[in-house]
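Here's the structure we're looking at; comments come further down.
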Amino acid sequence: MIQQLDPTPGWDICIIGGGATGLGTALDAAARGFRTVLFEQHDLAKGTSSRSTKLVHGGVRYLQQGNIKLVMEALKERGLLLKNAPHLVHNQKFVVPNYKWWEKPFYGIGLKIYDKMAGKLGLGPSQFLSKEETLRLAPTLDPEGLKGGVLYHDGQFDDARLAISIAQTAVQQGAVVLNYFPVAGLLKMHNKVCGVWVKDHFTRKEYEIKSRVVINATGVFTDSIMKMDDAKHKNIISPSQGIHLVVDAGFLPGDTAIMIPRTDDGRVLFAVPWHNKIVLGTTDTAVDSVSAEPVPQQQEIEFILKHIGRYLSKDPGLGDVKSMFAGLRPLVKSKTKRTAALSRDHLITIADSGLITITGGKWTTYRKMAEDVIDIAIEKNELAPQPCITKELKLNGYDKMAPPADIISLDTDALTKIIKKAVEEELCMTVEDLLSRRTRQLLLNAHEAIKAAPLVAKLMAEQMNKDETWIKEQINTFNEVAKNYAPIINYKP
Ligand SMILES: Cc1cc2nc3c(=O)[nH]c(=O)nc-3n(C[C@H](O)[C@H](O)[C@H](O)COP(=O)(O)OP(=O)(O)OC[C@H]3O[C@@H](n4cnc5c(N)ncnc54)[C@H](O)[C@@H]3O)c2cc1C
């Protein structure tokens, strides 16, 4: 794909950012027949898009806030994702445990409305449960004072793997998708944006990329690209950090997730089975600066352990946490200070220079966001109108088994096969790419990931023709990142 950069005189659509939003946009654009190129500064989905709660959902909590339009749109997208990416998205049962008399009718009616809103794309009806039925589904819920529960359905997925699948589908549709290609500046002619200036992170070679449309899809980094366009730009993103803790499946055996509808700060908290572990989360902490590797704060860890401990018969402690990860929500600023109340809706803006920015939204609605932004790009730039086809487009790998997320139990032969495929077909460039996003080892068990790094580096070096220096550098860089996922190294109980 790099070889296509030099001879292509001009592109129709150039996208900055390889998270859910940018990749979805590249797929939509390429599928409509536009010459499309995407640049990601790190790895695909290295940002927020690999750090979500892994739910494809309408958003029960947005229903609580009365945001009907957002919930309807997300429920429709949930149904489309289950249809088009069944290898990575599945129907997940959730129980809302009720400890107060009013909770069952209150949440039960709310969830019946949620079912109705999903219409034909519903994943199964919600049900009122007795105390015994609730404990059968979630046996480790604290039985004391438990009155019963409400069962409902939502979607669950593997976020980074879905990002790779969307990227592969975009490439099949003719797009060029490059990771480790930071955009360092915008090209302008007569004050209009006409392309980008990019650098190959590994070779340091620079490229001038001419494009009729440039789309900024950089999540929490949105403002940095808008400043390249206009030095006086005032920030529009208010980043909010959310963390997750990963514990062994024994804390919530079975295949049912728990949704706790109200924490002390008025949020919902999830405990969700994922790749034979349980993901607990999340938090909502306003932060001042953005980073590619945000780090969980001690009070966020304590908040999750304290709240989940109230509902489980065996409380997880810090020593039980196998991994933890933090992500940054690209929330669009509004006048309110409380980030939990800021809009999850997406925002599309067009600067005087013609630079299009798309931000906000959520993973679940990435396809709709992409459709909207390409519709606008066509309208504003006199591109030949082509209809969006992604509602019906199956994503790459939909008919195959997804690769294993946890690699610890694999023998060297099986691991070599996974690495070969990742390097040859999935743009995997570093040990961290492999352990964090091509497989999910780092998010499932950070210590095991650190132990696996030397073998992974050696096998990758064989595939990629790299030397001992590369192997050493890769292991060191990976360990530096991984230590922030391993709680015991960083925080004392
Ligand atoms: C804690 C948490 C939990 C969440 N849970 C869910 C959930 O369960 N379900 C759901 O639907 N949504 C969820 N979301 C929301 C969802 O994850 C985000 O809305 C989505 O991932 C945002 O994707 P994005 O592409 O806009 O941003 P990102 O994924 O951050 O992608 C932006 C990319 O732009 C790149 N970039 C930046 N600058 C440059 C540059 N100069 N050149 C090239 N590339 C650049 C970055 O490296 C980054 O990879 C959650 C979010 C958080 C934070």
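For the structure tokens, the naming scheme is as follows: chains receive sequential letters (A, B, ...) according to their order of presentation, residues are indexed from 1 within each chain, and ligands are indexed from 1 in presentation order.
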Identify, counting only C-alpha atoms and all ligand atoms, the protein, DNA and RNA residues located within 6 Å of ligand 1, and give them as a VMD selection string. chain A and resid 16 to 22 39 to 42 44 to 49 52 to 56 182 to 184 217 to 221 241 to 243 282 327 to 329 359 to 364
The selected residues should be written to file as a short mmCIF file (atom, residue, chain, number, x, y, z; two decimals), in the first residue's frame (atoms: C-alpha atoms).
```cif
data_model
loop_
_atom_site.label_atom_id
_atom_site.label_comp_id
_atom_site.auth_asym_id
_atom_site.auth_seq_id
_atom_site.Cartn_x
_atom_site.Cartn_y
_atom_site.Cartn_z
CA ILE A 16 -6.69 11.21 9.40
CA GLY A 17 -7.09 8.70 12.26
CA GLY A 18 -7.44 4.90 12.26
CA GLY A 19 -9.94 4.35 15.07
CA ALA A 20 -13.56 3.25 14.69
CA THR A 21 -14.60 6.57 13.14
CA GLY A 22 -11.77 6.89 10.63
CA PHE A 39 -3.34 7.51 7.84
CA GLU A 40 -3.01 6.41 11.46
CA GLN A 41 -0.13 7.78 13.54
CA HIS A 42 0.28 4.67 15.75
CA LEU A 44 -5.07 0.92 14.09
CA ALA A 45 -7.38 1.31 17.11
CA LYS A 46 -4.43 2.16 19.38
CA GLY A 47 -6.53 5.03 20.81
CA THR A 48 -9.97 4.87 22.40
CA SER A 49 -11.21 2.25 19.95
CA SER A 52 -14.06 0.39 25.22
CA THR A 53 -16.37 -1.63 27.51
CA LYS A 54 -16.87 -3.92 24.46
CA LEU A 55 -20.62 -3.34 24.24
CA VAL A 56 -22.59 -2.89 21.06
CA PRO A 182 1.45 10.37 11.44
CA VAL A 183 -0.05 13.37 9.69
CA ALA A 184 2.32 16.24 10.50
CA ALA A 217 -11.29 11.60 12.58
CA THR A 218 -8.74 11.76 15.37
CA GLY A 219 -10.93 11.30 18.48
CA VAL A 220 -9.45 13.03 21.50
CA PHE A 221 -6.71 14.45 19.22
CA GLN A 241 -11.24 8.97 31.07
CA GLY A 242 -12.89 5.62 31.65
CA ILE A 243 -11.03 2.63 33.06
CA THR A 282 -16.20 1.99 33.82
CA GLY A 327 -9.55 5.01 27.41
CA LEU A 328 -10.40 8.62 26.66
CA ARG A 329 -13.87 9.65 25.48
CA THR A 359 -15.99 13.44 16.38
CA GLY A 360 -17.98 12.16 19.37
CA GLY A 361 -20.44 9.28 18.92
CA LYS A 362 -19.62 5.76 20.01
CA TRP A 363 -18.26 2.50 18.60
CA THR A 364 -21.75 1.12 18.07
#
```
Determine which residues of segment 343-414 of chain A receive a DSSP assignment of strand (DSSP E or B), computed from the backbone, and state them as a PyMOL selection string. chain A and resi 346-350+356-360
Fewer than 3 positions away in the same chain doesn't count, so skip those; otherwise give me all residues within 8 Å of Met72 of chain A, counting only C-alpha atoms, as an mmCIF file with all heavy atoms, in the first residue's frame.
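So the final result, stored in part-v7.cif, reads:
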```
data_model
loop_
_atom_site.group_PDB
_atom_site.id
_atom_site.type_symbol
_atom_site.label_atom_id
_atom_site.label_comp_id
_atom_site.auth_asym_id
_atom_site.auth_seq_id
_atom_site.Cartn_x
_atom_site.Cartn_y
_atom_site.Cartn_z
ATOM 1 N N GLY A 58 -27.548 0.000 22.605
ATOM 2 C CA GLY A 58 -28.355 1.197 22.395
ATOM 3 C C GLY A 58 -28.027 2.221 23.462
ATOM 4 O O GLY A 58 -28.163 3.411 23.248
ATOM 5 N N ILE A 68 -33.836 9.723 23.285
ATOM 6 C CA ILE A 68 -34.508 8.690 22.500
ATOM 7 C C ILE A 68 -33.871 8.524 21.113
ATOM 8 O O ILE A 68 -33.641 7.405 20.651
ATOM 9 C CB ILE A 68 -36.011 9.042 22.322
ATOM 10 C CG1 ILE A 68 -36.669 9.239 23.695
ATOM 11 C CG2 ILE A 68 -36.753 8.018 21.484
ATOM 12 C CD1 ILE A 68 -36.816 7.987 24.522
ATOM 13 N N LYS A 69 -33.530 9.632 20.479
ATOM 14 C CA LYS A 69 -32.999 9.571 19.113
ATOM 15 C C LYS A 69 -31.685 8.780 19.088
ATOM 16 O O LYS A 69 -31.481 7.901 18.237
ATOM 17 C CB LYS A 69 -32.766 11.004 18.601
ATOM 18 C CG LYS A 69 -32.241 11.063 17.196
ATOM 19 C CD LYS A 69 -32.035 12.494 16.729
ATOM 20 C CE LYS A 69 -30.986 12.540 15.648
ATOM 21 N NZ LYS A 69 -29.636 12.852 16.137
ATOM 22 N N LEU A 75 -29.596 1.341 18.475
ATOM 23 C CA LEU A 75 -30.208 0.003 18.438
ATOM 24 C C LEU A 75 -30.257 -0.523 17.009
ATOM 25 O O LEU A 75 -30.057 -1.711 16.761
ATOM 26 C CB LEU A 75 -31.617 0.050 19.036
ATOM 27 C CG LEU A 75 -31.662 0.132 20.575
ATOM 28 C CD1 LEU A 75 -33.077 0.365 21.065
ATOM 29 C CD2 LEU A 75 -31.084 -1.135 21.196
ATOM 30 N N LYS A 76 -30.504 0.368 16.078
ATOM 31 C CA LYS A 76 -30.523 -0.047 14.675
ATOM 32 C C LYS A 76 -29.106 -0.486 14.247
ATOM 33 O O LYS A 76 -28.924 -1.540 13.620
ATOM 34 C CB LYS A 76 -30.999 1.137 13.824
ATOM 35 C CG LYS A 76 -31.217 0.771 12.411
ATOM 36 C CD LYS A 76 -31.842 1.899 11.647
ATOM 37 C CE LYS A 76 -31.570 1.664 10.186
ATOM 38 N NZ LYS A 76 -31.563 2.873 9.398
ATOM 39 N N MET A 117 -38.176 -0.316 21.191
ATOM 40 C CA MET A 117 -37.446 0.607 20.314
ATOM 41 C C MET A 117 -36.572 -0.156 19.315
ATOM 42 O O MET A 117 -36.322 0.317 18.215
ATOM 43 C CB MET A 117 -36.581 1.549 21.155
ATOM 44 C CG MET A 117 -37.406 2.608 21.880
ATOM 45 S SD MET A 117 -36.427 3.471 23.112
ATOM 46 C CE MET A 117 -35.537 4.591 22.092
ATOM 47 N N ALA A 118 -36.101 -1.345 19.718
ATOM 48 C CA ALA A 118 -35.237 -2.124 18.809
ATOM 49 C C ALA A 118 -36.062 -2.734 17.667
ATOM 50 O O ALA A 118 -35.527 -3.033 16.598
ATOM 51 C CB ALA A 118 -34.521 -3.216 19.585
#
```
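Residue nearest Cys14 of chain A, chosen from A:Lys306, A:Arg212, A:Lys394, A:Arg204 and counting only C-alpha atoms: A:Arg212.
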Could you name the residues that touch Ala377 of chain A at 10 Å or less, counting only C-alpha atoms, but leaving out those on the same chain fewer than 3 positions away, as a count of residues only? 20
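Remark: for Gly24 of chain A, the closest of the candidate residues A:Cys194, A:Asp115, A:Thr134, A:Cys388 is A:Cys388 (distances computed over only C-alpha atoms).
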Can you pull out the residues contacting Asp352 of chain A? Cut-off 12 Å, using only C-alpha atoms, and skip same-chain residues under 6 positions away; I want them as a PyMOL selection string. chain A and resi 188+190-193+226+229-230+233+380
Writer output for current selection, N, CA and C atoms, as a PDB file, in the first residue's frame:
```
ATOM      1  N   LYS A 188      -2.191  23.347   1.843  1.00  0.00           N
ATOM      2  CA  LYS A 188      -3.231  24.330   1.532  1.00  0.00           C
ATOM      3  C   LYS A 188      -2.907  25.055   0.234  1.00  0.00           C
ATOM      4  N   HIS A 190      -4.630  28.558  -1.745  1.00  0.00           N
ATOM      5  CA  HIS A 190      -5.637  29.639  -1.627  1.00  0.00           C
ATOM      6  C   HIS A 190      -6.486  29.458  -0.363  1.00  0.00           C
ATOM      7  N   ASN A 191      -5.833  29.183   0.732  1.00  0.00           N
ATOM      8  CA  ASN A 191      -6.508  28.996   2.044  1.00  0.00           C
ATOM      9  C   ASN A 191      -7.438  27.787   2.117  1.00  0.00           C
ATOM     10  N   LYS A 192      -7.405  26.946   1.110  1.00  0.00           N
ATOM     11  CA  LYS A 192      -8.245  25.739   1.159  1.00  0.00           C
ATOM     12  C   LYS A 192      -7.357  24.513   1.398  1.00  0.00           C
ATOM     13  N   VAL A 193      -7.829  23.610   2.247  1.00  0.00           N
ATOM     14  CA  VAL A 193      -7.066  22.379   2.494  1.00  0.00           C
ATOM     15  C   VAL A 193      -7.112  21.510   1.238  1.00  0.00           C
ATOM     16  N   MET A 226      -7.215  20.407  14.142  1.00  0.00           N
ATOM     17  CA  MET A 226      -7.899  21.673  13.862  1.00  0.00           C
ATOM     18  C   MET A 226      -6.951  22.859  14.053  1.00  0.00           C
ATOM     19  N   ASP A 229      -4.921  23.511  11.069  1.00  0.00           N
ATOM     20  CA  ASP A 229      -5.690  24.249  10.072  1.00  0.00           C
ATOM     21  C   ASP A 229      -5.791  25.730  10.447  1.00  0.00           C
ATOM     22  N   ASP A 230      -6.000  25.994  11.746  1.00  0.00           N
ATOM     23  CA  ASP A 230      -6.214  27.363  12.199  1.00  0.00           C
ATOM     24  C   ASP A 230      -5.553  27.499  13.571  1.00  0.00           C
ATOM     25  N   HIS A 233      -7.607  28.218  16.646  1.00  0.00           N
ATOM     26  CA  HIS A 233      -8.744  27.345  16.974  1.00  0.00           C
ATOM     27  C   HIS A 233      -8.882  27.141  18.490  1.00  0.00           C
ATOM     28  N   LYS A 380     -20.534  18.871  -0.171  1.00  0.00           N
ATOM     29  CA  LYS A 380     -19.750  20.111  -0.105  1.00  0.00           C
ATOM     30  C   LYS A 380     -18.628  20.162  -1.130  1.00  0.00           C
TER      31      LYS A 380
END
```
Interatomic distance, atom CA of Ala457 of chain A to atom CA of Lys472 of chain A (Å, one decimal):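 Computing it gives 8.2 Å between the two atoms.
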Nearest residue to Ala486 of chain A from the set A:Val290, A:Ala452, A:Leu280, A:Ala446 (distances using only C-alpha atoms):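 Distance minimum relative to Ala486 of chain A lands on A:Ala446.
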Looking only at helix (DSSP H, G or I) from DSSP on the backbone, list the matching residues of segment 318-484 of chain A as number ranges by chain. A: 318-320, 339-341, 363-381, 412-425, 431-438, 441-444, 446-464, 468-484
Keeping C-alpha atoms, export the residues of the selection given above as a tab-separated table (two decimals), in the first residue's frame.
```tsv
chain	number	residue	atom	x	y	z
A	318	LEU	CA	-6.43	-5.32	43.76
A	319	GLY	CA	-4.50	-8.60	43.85
A	320	ASP	CA	-7.26	-10.22	41.75
A	339	THR	CA	-18.71	15.04	31.69
A	340	ALA	CA	-21.28	12.25	32.27
A	341	ALA	CA	-23.89	14.67	30.97
A	363	TRP	CA	-18.26	2.50	18.60
A	364	THR	CA	-21.75	1.12	18.07
A	365	THR	CA	-22.67	3.96	15.71
A	366	TYR	CA	-19.41	4.08	13.72
A	367	ARG	CA	-21.16	3.02	10.47
A	368	LYS	CA	-23.83	5.72	10.67
A	369	MET	CA	-21.22	8.35	11.55
A	370	ALA	CA	-19.25	7.31	8.47
A	371	GLU	CA	-22.33	7.45	6.24
A	372	ASP	CA	-23.18	10.95	7.49
A	373	VAL	CA	-19.68	12.36	7.01
A	374	ILE	CA	-19.28	10.96	3.49
A	375	ASP	CA	-22.73	12.31	2.53
A	376	ILE	CA	-21.53	15.74	3.67
A	377	ALA	CA	-18.17	15.37	1.90
A	378	ILE	CA	-20.00	14.61	-1.36
A	379	GLU	CA	-22.39	17.52	-0.99
A	380	LYS	CA	-19.75	20.11	-0.11
A	381	ASN	CA	-17.10	19.05	-2.60
A	412	THR	CA	4.67	-22.45	19.39
A	413	ASP	CA	3.27	-23.76	16.09
A	414	ALA	CA	-0.17	-22.28	16.70
A	415	LEU	CA	1.36	-18.99	17.87
A	416	THR	CA	3.60	-18.86	14.77
A	417	LYS	CA	0.51	-19.23	12.56
A	418	ILE	CA	-1.28	-16.38	14.33
A	419	ILE	CA	1.80	-14.16	14.08
A	420	LYS	CA	2.29	-14.96	10.38
A	421	LYS	CA	-1.32	-14.01	9.61
A	422	ALA	CA	-1.13	-10.86	11.74
A	423	VAL	CA	2.09	-9.72	10.02
A	424	GLU	CA	1.01	-10.63	6.47
A	425	GLU	CA	-2.68	-9.72	6.54
A	431	VAL	CA	5.05	-6.75	19.63
A	432	GLU	CA	2.59	-4.39	21.27
A	433	ASP	CA	0.31	-4.52	18.19
A	434	LEU	CA	0.25	-8.30	18.49
A	435	LEU	CA	-0.20	-8.60	22.25
A	436	SER	CA	-2.64	-5.73	22.69
A	437	ARG	CA	-4.81	-5.58	19.55
A	438	ARG	CA	-4.29	-8.55	17.13
A	441	GLN	CA	-3.45	-10.80	25.76
A	442	LEU	CA	-2.35	-7.50	27.33
A	443	LEU	CA	-5.92	-6.60	28.27
A	444	LEU	CA	-6.72	-10.07	29.59
A	446	ALA	CA	-0.81	-8.19	31.69
A	447	HIS	CA	1.74	-10.34	33.55
A	448	GLU	CA	1.23	-13.23	31.13
A	449	ALA	CA	1.60	-10.80	28.24
A	450	ILE	CA	4.93	-9.54	29.66
A	451	LYS	CA	6.10	-13.15	29.99
A	452	ALA	CA	5.06	-13.94	26.40
A	453	ALA	CA	6.77	-10.88	24.86
A	454	PRO	CA	10.28	-12.42	24.30
A	455	LEU	CA	8.88	-15.42	22.37
A	456	VAL	CA	6.48	-13.22	20.40
A	457	ALA	CA	9.33	-10.84	19.52
A	458	LYS	CA	11.51	-13.74	18.34
A	459	LEU	CA	8.75	-15.24	16.18
A	460	MET	CA	7.84	-11.85	14.74
A	461	ALA	CA	11.50	-11.16	13.94
A	462	GLU	CA	11.63	-14.42	11.96
A	463	GLN	CA	8.55	-13.40	9.96
A	464	MET	CA	9.72	-9.83	9.41
A	468	GLU	CA	18.53	-9.10	17.70
A	469	THR	CA	18.56	-5.31	18.24
A	470	TRP	CA	14.97	-5.11	16.99
A	471	ILE	CA	13.96	-7.94	19.33
A	472	LYS	CA	15.50	-6.22	22.35
A	473	GLU	CA	13.97	-2.84	21.48
A	474	GLN	CA	10.55	-4.40	20.98
A	475	ILE	CA	10.62	-6.20	24.33
A	476	ASN	CA	11.73	-3.04	26.17
A	477	THR	CA	9.11	-0.85	24.50
A	478	PHE	CA	6.41	-3.39	25.17
A	479	ASN	CA	7.37	-3.76	28.86
A	480	GLU	CA	7.29	0.02	29.26
A	481	VAL	CA	3.68	0.12	27.98
A	482	ALA	CA	2.56	-3.09	29.70
A	483	LYS	CA	3.55	-2.03	33.19
A	484	ASN	CA	0.63	0.41	33.22
```
One-decimal distance in Å that lies between atom CA of Ile236 of chain A and atom CA of Gly185 of chain A: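 Interatomic distance here is 19.4 Å.
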Show which residues sit within 9 Å of Phe128 of chain A, as a PyMOL selection string. Count only C-alpha atoms, and ignore same-chain residues fewer than 5 positions away. chain A and resi 104-105+108+148-151
So, with only C-alpha atoms as the atoms that count, which of A:Leu312, A:Met259, A:Ala160, A:Ala286 lies closest to Glu300 of chain A? A:Ala286
